[in-house]
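Asker: Please find one structure pasted underneath; my questions will follow.
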Amino acid sequence: MNKLFGKQKTVEEECKESRRDLNANGRSLEREAQKMDREEAQAVAEMKKLAARGDEAGARLVAKQILQIRDAKKRLRAGKAQVSSLSVRTRTMEAQHKQMESMKQSTAIMGKVNAQMDPVQMQKIMQEFQLQNEKMGHAGEMMDDALDTLDLDDDYDEETAAVMDQVIDEICTDIKVSSAVPSRSLPAASRASDSSALAKQGVTH
């Protein structure tokens, strides 16, 4: 069908098709070998029966058949091993071809990039980039210095507010303590006031 339409198969498609055919052949050979295993088992059973009946000639004939079956199985298994080896080799060739195609594409891309690159222009671009990078670095340092100054002012204001709060708290604490503790001199003063009042009453009388 591909030949009729003029479409050529890719290497990957050919490798896959070949590997599929090889695997099919290998399975077919294995089925034949398994079939001969059953035939051998039947022949051995038949030979035992003939030997048990004393039919030596028949037993010898079956023994020859068993040898022929075994030889055929060996050839089938050897063919299956060769088919498996070819399948592995085909897979290896497919992987190598993919690797070569990847290298080919990478080489073509590298060639295009190198063709478009101008060393002189690249040097100018790198110099301009370095210059702009240095300018940005200086600007960043100036901005950091300005931010550091603002941070110091904020810290100073916060410390001042903290000191004021501490002083106010101490004043409030002192006021509360003085209000809560009774004065010891108050009774004496009250007694002095009472004595003065009594003296005044005595003079009056």
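By order in the structure tokens, chains are A, B, ...; within a chain, residues start at 1; ligands start at 1, following the order shown.
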Using only C-alpha atoms, which residues sit within 12 Å of A:Arg60 once same-chain residues fewer than 2 positions away are excluded, as a list in words?
Answerer: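 After dropping sequence-adjacent residues, the list is Ala43, Val44, Glu46, Met47, Lys48, Leu50, Ala51, Gly54, Asp55, Glu56, Ala57, Gly58, Val62, Ala63, Lys64, Gln65, Ile66 and Leu67 of chain A.
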Asker: Output the selection as a CSV table (one decimal), in the first residue's frame - C-alpha atoms for each residue.
Answerer:
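Once written, selection-v8.csv looks like this:
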```
chain,number,residue,atom,x,y,z
A,43,ALA,CA,6.4,-42.0,22.4
A,44,VAL,CA,8.2,-42.8,25.6
A,46,GLU,CA,4.4,-46.2,24.0
A,47,MET,CA,7.9,-47.6,24.2
A,48,LYS,CA,7.4,-48.6,27.9
A,50,LEU,CA,6.0,-52.4,24.1
A,51,ALA,CA,8.9,-53.2,26.4
A,54,GLY,CA,8.3,-58.1,25.4
A,55,ASP,CA,8.0,-56.5,21.9
A,56,GLU,CA,11.7,-55.6,21.5
A,57,ALA,CA,11.5,-54.7,17.8
A,58,GLY,CA,8.6,-52.3,18.3
A,62,VAL,CA,9.8,-46.2,18.9
A,63,ALA,CA,13.2,-45.4,20.4
A,64,LYS,CA,14.4,-44.2,17.0
A,65,GLN,CA,11.4,-42.0,16.7
A,66,ILE,CA,12.1,-40.5,20.1
A,67,LEU,CA,15.7,-39.7,19.0
```
Asker: Which residues, written as a PyMOL selection string, have at least one atom at most 12 Å from A:Arg75, with only C-alpha atoms counted and residues fewer than 5 positions away on the same chain left out?
Answerer: chain A and resi 29-30+32-33+36+68-70+80-82
Asker: What gap, in Å, lies between atom CA of A:Gln34 and atom CA of A:Ser85?
Answerer: 20.2 Å
Asker: Taking into account only C-alpha atoms, which residue in the set A:His138, A:Arg19, A:Lys124, A:Lys73 is nearest to A:Glu39?
Answerer: A:Lys73
Asker: Calculated over only C-alpha atoms, which of the candidates A:Arg91, A:Lys35, A:Lys49, A:His97 has the smallest distance to A:Glu17?
Answerer: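 With only C-alpha atoms as the atom set, the closest residue is A:Arg91.
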Asker: Select, from A:Leu61, A:Val11, A:Leu86, A:Ile168, the residue with the minimum atom-to-atom distance to A:Asn25, counting only C-alpha atoms.
Answerer: A:Leu86
Asker: Can you tell me which residues surround A:Thr10 at a distance of at most 12 Å, considering only C-alpha atoms, apart from same-chain residues fewer than 4 positions away, and format the answer as a PDB file with all heavy atoms, in the first residue's frame?
Answerer:
```pdb
ATOM      1  N   ASN A   2       1.934   1.218   0.807  1.00  0.00           N
ATOM      2  CA  ASN A   2       2.818   2.371   0.847  1.00  0.00           C
ATOM      3  C   ASN A   2       3.526   2.584  -0.483  1.00  0.00           C
ATOM      4  O   ASN A   2       3.761   3.716  -0.901  1.00  0.00           O
ATOM      5  CB  ASN A   2       3.850   2.203   1.965  1.00  0.00           C
ATOM      6  CG  ASN A   2       3.205   2.297   3.336  1.00  0.00           C
ATOM      7  OD1 ASN A   2       2.231   3.014   3.507  1.00  0.00           O
ATOM      8  ND2 ASN A   2       3.755   1.564   4.298  1.00  0.00           N
ATOM      9  N   GLU A  14      10.335   0.236   9.645  1.00  0.00           N
ATOM     10  CA  GLU A  14      10.883  -1.020   9.118  1.00  0.00           C
ATOM     11  C   GLU A  14      11.416  -1.906  10.240  1.00  0.00           C
ATOM     12  O   GLU A  14      11.219  -3.132  10.234  1.00  0.00           O
ATOM     13  CB  GLU A  14      11.988  -0.712   8.113  1.00  0.00           C
ATOM     14  CG  GLU A  14      11.478  -0.085   6.820  1.00  0.00           C
ATOM     15  CD  GLU A  14      12.600   0.195   5.844  1.00  0.00           C
ATOM     16  OE1 GLU A  14      13.773  -0.002   6.235  1.00  0.00           O
ATOM     17  OE2 GLU A  14      12.310   0.612   4.713  1.00  0.00           O
ATOM     18  N   CYS A  15      12.075  -1.276  11.228  1.00  0.00           N
ATOM     19  CA  CYS A  15      12.603  -2.061  12.351  1.00  0.00           C
ATOM     20  C   CYS A  15      11.469  -2.677  13.168  1.00  0.00           C
ATOM     21  O   CYS A  15      11.539  -3.846  13.568  1.00  0.00           O
ATOM     22  CB  CYS A  15      13.476  -1.178  13.234  1.00  0.00           C
ATOM     23  SG  CYS A  15      15.074  -0.722  12.497  1.00  0.00           S
ATOM     24  N   LYS A  16      10.423  -1.899  13.406  1.00  0.00           N
ATOM     25  CA  LYS A  16       9.298  -2.422  14.161  1.00  0.00           C
ATOM     26  C   LYS A  16       8.614  -3.575  13.413  1.00  0.00           C
ATOM     27  O   LYS A  16       8.236  -4.588  14.012  1.00  0.00           O
ATOM     28  CB  LYS A  16       8.296  -1.320  14.440  1.00  0.00           C
ATOM     29  CG  LYS A  16       8.778  -0.303  15.466  1.00  0.00           C
ATOM     30  CD  LYS A  16       7.740   0.778  15.696  1.00  0.00           C
ATOM     31  CE  LYS A  16       8.217   1.779  16.728  1.00  0.00           C
ATOM     32  NZ  LYS A  16       7.221   2.864  16.959  1.00  0.00           N
ATOM     33  N   GLU A  17       8.456  -3.407  12.114  1.00  0.00           N
ATOM     34  CA  GLU A  17       7.819  -4.467  11.326  1.00  0.00           C
ATOM     35  C   GLU A  17       8.672  -5.731  11.316  1.00  0.00           C
ATOM     36  O   GLU A  17       8.158  -6.852  11.462  1.00  0.00           O
ATOM     37  CB  GLU A  17       7.591  -3.969   9.900  1.00  0.00           C
ATOM     38  CG  GLU A  17       6.846  -4.961   9.026  1.00  0.00           C
ATOM     39  CD  GLU A  17       6.563  -4.393   7.640  1.00  0.00           C
ATOM     40  OE1 GLU A  17       6.822  -3.185   7.438  1.00  0.00           O
ATOM     41  OE2 GLU A  17       6.083  -5.156   6.778  1.00  0.00           O
ATOM     42  N   GLU A  94      17.649  -0.020  15.829  1.00  0.00           N
ATOM     43  CA  GLU A  94      16.651   1.041  15.884  1.00  0.00           C
ATOM     44  C   GLU A  94      17.059   2.123  16.880  1.00  0.00           C
ATOM     45  O   GLU A  94      16.956   3.325  16.598  1.00  0.00           O
ATOM     46  CB  GLU A  94      15.298   0.452  16.272  1.00  0.00           C
ATOM     47  CG  GLU A  94      14.174   1.485  16.328  1.00  0.00           C
ATOM     48  CD  GLU A  94      12.860   0.873  16.751  1.00  0.00           C
ATOM     49  OE1 GLU A  94      12.813  -0.351  16.976  1.00  0.00           O
ATOM     50  OE2 GLU A  94      11.870   1.623  16.859  1.00  0.00           O
ATOM     51  N   HIS A  97      19.883   4.140  15.429  1.00  0.00           N
ATOM     52  CA  HIS A  97      19.400   5.063  14.401  1.00  0.00           C
ATOM     53  C   HIS A  97      18.743   6.288  15.031  1.00  0.00           C
ATOM     54  O   HIS A  97      18.946   7.427  14.573  1.00  0.00           O
ATOM     55  CB  HIS A  97      18.404   4.340  13.485  1.00  0.00           C
ATOM     56  CG  HIS A  97      17.862   5.207  12.399  1.00  0.00           C
ATOM     57  ND1 HIS A  97      16.682   5.903  12.513  1.00  0.00           N
ATOM     58  CD2 HIS A  97      18.362   5.521  11.162  1.00  0.00           C
ATOM     59  CE1 HIS A  97      16.462   6.588  11.413  1.00  0.00           C
ATOM     60  NE2 HIS A  97      17.450   6.368  10.570  1.00  0.00           N
ATOM     61  N   LYS A  98      17.949   6.071  16.096  1.00  0.00           N
ATOM     62  CA  LYS A  98      17.341   7.205  16.782  1.00  0.00           C
ATOM     63  C   LYS A  98      18.412   8.123  17.367  1.00  0.00           C
ATOM     64  O   LYS A  98      18.287   9.357  17.320  1.00  0.00           O
ATOM     65  CB  LYS A  98      16.414   6.704  17.884  1.00  0.00           C
ATOM     66  CG  LYS A  98      15.146   6.044  17.367  1.00  0.00           C
ATOM     67  CD  LYS A  98      14.271   5.597  18.528  1.00  0.00           C
ATOM     68  CE  LYS A  98      12.981   4.964  18.026  1.00  0.00           C
ATOM     69  NZ  LYS A  98      12.121   4.506  19.155  1.00  0.00           N
ATOM     70  N   GLU A 101      19.888  10.133  14.561  1.00  0.00           N
ATOM     71  CA  GLU A 101      18.972  11.185  14.124  1.00  0.00           C
ATOM     72  C   GLU A 101      18.971  12.356  15.106  1.00  0.00           C
ATOM     73  O   GLU A 101      18.940  13.529  14.700  1.00  0.00           O
ATOM     74  CB  GLU A 101      17.557  10.619  13.988  1.00  0.00           C
ATOM     75  CG  GLU A 101      17.380   9.713  12.776  1.00  0.00           C
ATOM     76  CD  GLU A 101      17.537  10.475  11.472  1.00  0.00           C
ATOM     77  OE1 GLU A 101      17.133  11.646  11.418  1.00  0.00           O
ATOM     78  OE2 GLU A 101      18.067   9.891  10.516  1.00  0.00           O
TER      79      GLU A 101
END
```
Asker: Would you mind telling me which residue in A:Leu76, A:Met136, A:Ile125, A:Thr90 lies nearest to A:Glu13 when using only C-alpha atoms?
Answerer: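 That would be A:Thr90, the residue with the smallest distance to A:Glu13.
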Asker: Between A:Gly26, A:Phe129, A:Gln116, A:Ala59, single out the one closest to A:Ala78, counting only C-alpha atoms.
Answerer: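 The shortest atom-to-atom distance to A:Ala78 comes from A:Gly26.
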